[in-house]
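Enquirer: This is data-v1.txt (compact mmCIF, C-alpha atoms).
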```txt
# COMPACT_ATOMS: atom_id res chain seq x y z
CA MET M 1 9.90 13.26 8.44
CA LYS M 2 8.44 10.99 5.77
CA THR M 3 5.72 8.60 6.93
CA HIS M 4 4.47 5.56 5.03
CA TYR M 5 1.73 3.09 5.97
CA TYR M 6 1.68 -0.35 4.34
CA LEU M 7 -1.74 -1.76 5.21
CA GLY M 8 -3.33 -5.16 4.83
CA TRP M 9 -7.13 -5.16 4.62
CA PHE M 10 -9.64 -4.24 7.31
CA ASN M 11 -13.02 -5.96 7.26
CA ASN M 12 -14.46 -3.41 9.65
CA PHE M 13 -12.44 -0.33 10.50
CA PHE M 14 -8.97 0.62 11.67
CA PRO M 15 -8.24 -0.73 15.15
CA GLU M 16 -8.06 1.94 17.82
CA ASN M 17 -4.25 1.96 18.11
CA LEU M 18 -3.83 2.39 14.34
CA GLY M 19 -6.40 5.19 14.27
CA ARG M 20 -4.55 6.92 17.09
CA VAL M 21 -1.15 6.98 15.37
CA LEU M 22 -2.76 8.05 12.09
CA GLN M 23 -4.37 10.96 13.93
CA GLU M 24 -0.93 11.92 15.23
CA ASP M 25 0.81 11.54 11.86
CA ILE M 26 -1.76 13.20 9.61
CA THR M 27 -1.55 16.78 10.82
CA ASP M 28 -1.99 18.42 7.41
CA ARG M 29 -5.51 17.67 6.21
CA LYS M 30 -5.89 19.99 3.27
CA SER M 31 -6.41 17.30 0.63
CA LEU M 32 -6.64 13.53 0.14
CA ALA M 33 -5.62 11.96 -3.17
CA MET M 34 -6.67 8.36 -3.79
CA ILE M 35 -5.14 6.31 -6.61
CA SER M 36 -7.27 3.59 -8.17
CA SER M 37 -6.06 0.04 -8.64
CA ASN M 38 -8.71 -0.51 -11.31
CA PRO M 39 -8.32 2.71 -13.30
CA PHE M 40 -10.64 1.60 -16.14
CA PHE M 41 -13.39 0.55 -13.71
CA TYR M 42 -14.98 3.84 -12.72
CA GLU M 43 -17.49 2.29 -10.32
CA ASP M 44 -14.57 1.35 -8.04
CA ASP M 45 -14.68 4.53 -5.97
CA GLY M 46 -12.53 3.76 -2.92
CA ALA M 47 -15.49 4.08 -0.56
CA THR M 48 -14.23 1.30 1.72
CA GLU M 49 -10.80 2.84 2.28
CA ARG M 50 -12.35 6.27 2.68
CA SER M 51 -14.71 4.88 5.35
CA TRP M 52 -11.70 3.67 7.39
CA LEU M 53 -10.37 7.23 7.57
CA ASP M 54 -13.83 8.66 8.31
CA GLN M 55 -14.34 6.20 11.16
CA ALA M 56 -10.96 7.20 12.59
CA GLY M 57 -12.09 10.84 12.56
CA ILE M 58 -9.63 11.89 9.84
CA MET M 59 -11.41 14.34 7.55
CA PHE M 60 -10.00 16.54 4.81
CA ASN M 61 -10.84 19.98 3.49
CA GLU M 62 -10.66 18.72 -0.08
CA TYR M 63 -11.15 15.27 -1.56
CA HIS M 64 -9.70 14.35 -4.93
CA TYR M 65 -11.78 11.29 -4.62
CA LEU M 66 -10.14 9.07 -7.19
CA ILE M 67 -7.30 9.30 -9.68
CA ASN M 68 -8.05 7.00 -12.62
CA TYR M 69 -8.20 7.27 -16.42
CA ARG M 70 -11.00 9.82 -16.14
CA VAL M 71 -8.41 12.26 -14.78
CA GLN M 72 -5.97 13.79 -17.24
CA LYS M 73 -2.33 12.85 -16.68
CA GLU M 74 -1.20 16.40 -15.96
CA ASP M 75 -4.10 16.96 -13.56
CA ALA M 76 -3.27 13.72 -11.74
CA GLN M 77 0.33 14.83 -11.33
CA THR M 78 -0.74 18.21 -9.93
CA ILE M 79 -3.13 16.55 -7.48
CA ILE M 80 -0.32 14.28 -6.21
CA GLN M 81 2.08 17.20 -5.83
CA ASN M 82 -0.45 19.15 -3.72
CA ALA M 83 -1.87 16.29 -1.63
CA SER M 84 -1.56 16.11 2.16
CA VAL M 85 -2.21 12.36 2.10
CA ILE M 86 -1.82 9.95 -0.82
CA PHE M 87 -3.76 6.69 -0.55
CA LEU M 88 -3.11 3.86 -3.02
CA LEU M 89 -6.22 1.70 -3.04
CA GLY M 90 -6.50 -2.06 -2.90
CA GLY M 91 -7.58 -4.25 -5.81
CA ASN M 92 -5.58 -5.10 -8.93
CA THR M 93 -1.85 -4.78 -8.25
CA LEU M 94 -0.77 -5.14 -11.88
CA ASN M 95 -3.27 -2.59 -13.21
CA GLN M 96 -2.27 -0.07 -10.58
CA ASN M 97 1.42 -0.66 -11.27
CA GLY M 98 0.92 -0.01 -14.98
CA PHE M 99 -1.15 3.10 -14.27
CA LEU M 100 1.57 4.54 -12.00
CA VAL M 101 4.11 4.04 -14.78
CA GLU M 102 1.90 5.42 -17.56
CA TYR M 103 0.93 8.53 -15.58
CA GLU M 104 4.50 8.99 -14.29
CA LEU M 105 3.34 9.24 -10.68
CA SER M 106 5.97 7.17 -8.87
CA ASP M 107 8.72 9.81 -8.70
CA LEU M 108 6.19 12.46 -7.67
CA ILE M 109 4.98 10.23 -4.83
CA LYS M 110 8.58 9.57 -3.73
CA LYS M 111 9.33 13.30 -3.66
CA SER M 112 6.09 14.23 -1.91
CA ARG M 113 6.05 15.27 1.74
CA ALA M 114 2.57 13.77 2.09
CA VAL M 115 1.78 10.82 4.32
CA VAL M 116 1.57 7.91 1.86
CA MET M 117 -0.73 4.96 2.56
CA GLY M 118 -1.51 1.81 0.63
CA ALA M 119 -3.93 -1.03 1.28
CA SER M 120 -3.32 -4.52 -0.11
CA ALA M 121 -2.39 -3.90 -3.77
CA GLY M 122 -1.55 -0.30 -2.91
CA ALA M 123 0.86 -1.37 -0.18
CA ILE M 124 2.55 -3.83 -2.55
CA ASN M 125 3.06 -1.10 -5.15
CA MET M 126 4.52 1.28 -2.55
CA SER M 127 7.37 -1.14 -1.89
CA ALA M 128 10.66 -1.39 -3.81
CA LYS M 129 9.96 -4.69 -5.60
CA TRP M 130 7.27 -7.37 -5.50
CA LEU M 131 6.79 -10.84 -6.89
CA CYS M 132 3.98 -11.46 -9.36
CA SER M 133 3.18 -15.18 -9.15
CA LYS M 134 0.15 -17.30 -10.02
CA ASN M 135 0.54 -18.86 -6.57
CA PHE M 136 -0.29 -15.43 -5.13
CA GLY M 137 -3.44 -15.19 -7.24
CA TYR M 138 -2.12 -13.39 -10.32
CA LYS M 139 -3.25 -14.65 -13.75
CA VAL M 140 0.27 -15.22 -15.10
CA GLU M 141 2.21 -18.27 -16.22
CA ILE M 142 5.71 -17.03 -15.43
CA ASN M 143 6.83 -15.41 -12.18
CA SER M 144 8.12 -11.86 -12.57
CA VAL M 145 9.55 -9.31 -10.16
CA TYR M 146 8.07 -5.84 -10.63
CA ASP M 147 9.42 -2.51 -9.50
CA GLY M 148 7.17 -0.63 -7.12
CA ILE M 149 7.37 3.04 -6.21
CA GLY M 150 10.27 2.26 -3.89
CA LEU M 151 9.32 4.42 -0.93
CA ASP M 152 11.35 2.07 1.27
CA ASN M 153 13.93 -0.53 0.36
CA PHE M 154 11.91 -3.66 1.07
CA SER M 155 9.20 -5.79 -0.48
CA ILE M 156 5.62 -6.30 0.69
CA LEU M 157 3.26 -9.26 0.47
CA SER M 158 -0.06 -7.91 1.67
CA HIS M 159 -3.54 -9.36 2.17
CA PHE M 160 -2.58 -12.94 1.35
CA ASP M 161 -3.67 -16.06 3.25
CA LEU M 162 -0.25 -16.33 4.81
CA GLU M 163 -1.15 -18.38 7.87
CA ASN M 164 -2.21 -21.37 5.75
CA ASN M 165 0.60 -21.07 3.21
CA PHE M 166 3.87 -20.58 5.07
CA ALA M 167 5.78 -23.19 3.04
CA LEU M 168 4.49 -21.83 -0.27
CA VAL M 169 5.30 -18.22 0.66
CA GLN M 170 8.75 -19.14 1.91
CA ASP M 171 9.52 -21.05 -1.28
CA GLU M 172 8.11 -18.41 -3.66
CA LEU M 173 9.88 -15.51 -2.00
CA SER M 174 13.18 -17.24 -1.22
CA THR M 175 15.14 -15.67 -4.09
CA LEU M 176 13.81 -12.14 -3.56
CA SER M 177 14.34 -12.41 0.21
CA LYS M 178 18.08 -12.82 -0.39
CA LYS M 179 18.12 -9.38 -2.01
CA MET M 180 15.86 -7.47 0.37
CA ASN M 181 13.65 -7.91 3.41
CA ILE M 182 10.02 -8.84 2.76
CA TYR M 183 7.20 -7.94 5.14
CA ALA M 184 4.24 -10.29 4.78
CA SER M 185 0.82 -9.84 6.35
CA ASN M 186 -2.83 -10.56 5.79
CA LYS M 187 -5.79 -8.73 7.32
CA ASP M 188 -5.98 -6.12 10.08
CA CYS M 189 -2.24 -5.46 9.82
CA ALA M 190 0.02 -2.50 9.18
CA VAL M 191 3.69 -1.66 8.77
CA ARG M 192 4.43 1.98 9.53
CA VAL M 193 7.71 3.55 8.45
CA LYS M 194 8.38 6.92 10.06
CA GLY M 195 11.84 8.25 9.31
CA ASP M 196 14.19 5.36 10.10
CA LYS M 197 11.77 3.59 12.46
CA ILE M 198 9.57 0.65 11.45
CA ASP M 199 6.48 -0.13 13.57
CA ILE M 200 4.32 -3.22 13.37
CA LEU M 201 0.59 -3.67 13.96
CA GLY M 202 -1.04 -7.11 13.95
CA ASN M 203 0.40 -10.37 12.64
CA VAL M 204 3.27 -9.36 10.39
CA TYR M 205 6.11 -11.67 9.33
CA LEU M 206 9.60 -10.86 8.14
CA ILE M 207 11.10 -13.01 5.39
CA SER M 208 14.84 -12.53 5.08
CA HIS M 209 17.41 -14.82 3.44
CA SER M 210 14.71 -17.49 3.00
CA LYS M 211 13.83 -17.53 6.71
CA ILE M 212 10.47 -16.42 8.07
CA GLN M 213 9.77 -15.04 11.54
CA LYS M 214 6.86 -13.33 13.22
CA LEU M 215 7.56 -9.79 14.33
CA ASP M 216 6.63 -8.29 17.68
CA GLN M 217 3.85 -5.74 17.59
CA THR M 218 5.03 -2.23 18.43
CA LEU M 219 1.89 -0.13 17.88
```
Before anything else, please render the file you have as structure tokens.
Expert:
Amino acid sequence: MKTHYYLGWFNNFFPENLGRVLQEDITDRKSLAMISSNPFFYEDDGATERSWLDQAGIMFNEYHYLINYRVQKEDAQTIIQNASVIFLLGGNTLNQNGFLVEYELSDLIKKSRAVVMGASAGAINMSAKWLCSKNFGYKVEINSVYDGIGLDNFSILSHFDLENNFALVQDELSTLSKKMNIYASNKDCAVRVKGDKIDILGNVYLISHSKIQKLDQTL
């Protein structure tokens, strides 16, 4: 059963209930593959996201600490194919999106039986489509809809100051929300997809057909 975690950002560590379900879901702990969102910036080592897993007591036999441009394309593909858990890191959504395309990793991630996780930018790129807008902090003049990996047929807006920008978010995402559901969250939040079941942790909102509603927490 395929399991995907779309995470916001955690200033400290995973809350206890999230750590518990991760412990249950991540049974194969042979190797962890982490995909950079700043693949040219080698100092960005994913230590924060790794610390969340460590704090939750989830350790691996082998760490492919970071897939970036230092790793050859073929080696990156092999690492993804053999990983127990794939973690797309937070940071620069556009850079990570381009890297996934250039290294041809998206289809391999979709086919993988690994638990796939993404934080912030990583969660956005796991989704089917996402809106790149200057109002969401991107340095662009024209709004564009990008294809993500497409692990599940919805869009994600993650780690955005949603609570103070409901009208803006609703307006920006109105068109896309008529084509697919959008899950929007900020910090200390998660959307877990396990098989056909979607679970919610924290303050997560559903935007569908231009309407926004807060979802009940299920984890």
Enquirer: I'd like the contact shell of Val191 (chain M) - 10 Å cut-off, only C-alpha atoms, skipping same-chain residues fewer than 4 positions apart - returned as a list of chain:residue names.
Expert: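 Selected residues are M:His4, M:Tyr5, M:Tyr6, M:Leu7, M:Gly8, M:Ala123, M:Ile156, M:Tyr183, M:Ala184, M:Ser185, M:Ile198, M:Asp199, M:Ile200, M:Leu201, M:Gly202, M:Val204, M:Gln217, M:Thr218, M:Leu219.
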Enquirer: Give me the residues of region 128-183 of chain M that have any atom at most 9 Å from an atom of region 99-109 of chain M; for each, the nearest atom pair and the distance in Å, rounded to one decimal. Use only C-alpha atoms, sort by chain and number, and format it as a Markdown table.
Expert:
```
| residue | atom | partner | partner_atom | distance |
| --- | --- | --- | --- | --- |
| M:Gly148 | CA | M:Ser106 | CA | 8.1 |
| M:Ile149 | CA | M:Ser106 | CA | 5.1 |
| M:Gly150 | CA | M:Ser106 | CA | 8.2 |
| M:Leu151 | CA | M:Ile109 | CA | 8.2 |
```
Enquirer: Would you please work out which residue, of M:Ala56, M:Val193, M:Leu88, M:Met180, is nearest to Asn17 (chain M) when using all atoms listed in the file?
Expert: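 Of the candidates, the smallest distance to Asn17 (chain M) is held by M:Ala56.
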Enquirer: Restricting the calculation to all atoms listed in the file, which member of M:Asn181, M:Ser84, M:Gln213, M:Thr3 is positioned closest to Lys30 (chain M)?
Expert: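 Looking at the shortest contact to Lys30 (chain M), the residue is M:Ser84.
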Enquirer: Which one of M:Asp161, M:Glu172, M:Asp188, M:Glu49 sits closest to Gly90 (chain M) if you count only C-alpha atoms?
Expert: M:Glu49
Enquirer: With distances taken over all atoms listed in the file, which residue among M:Gln96, M:Gln81, M:Ser155, M:Asn12 lies nearest Gln55 (chain M)?
Expert: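 Residue with the minimum atom-to-atom distance to Gln55 (chain M): M:Asn12.
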Enquirer: Please report the interatomic distance between CA of Phe87 (chain M) and CA of Met117 (chain M) in Å with one decimal.
Expert: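 It comes out at 4.7 Å.
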Enquirer: Rounded to one decimal, what separation in Å do you get between CA of Asp152 (chain M) and CA of Ala128 (chain M)?
Expert: 6.2 Å
Enquirer: Find, counting only C-alpha atoms, the residue in M:Phe41, M:Phe160, M:Trp130, M:Trp52 that gets nearest to Pro15 (chain M).
Expert: M:Trp52
Enquirer: Distance CA of Lys211 (chain M)-CA of Tyr138 (chain M), one decimal place?
Expert: 23.7 Å
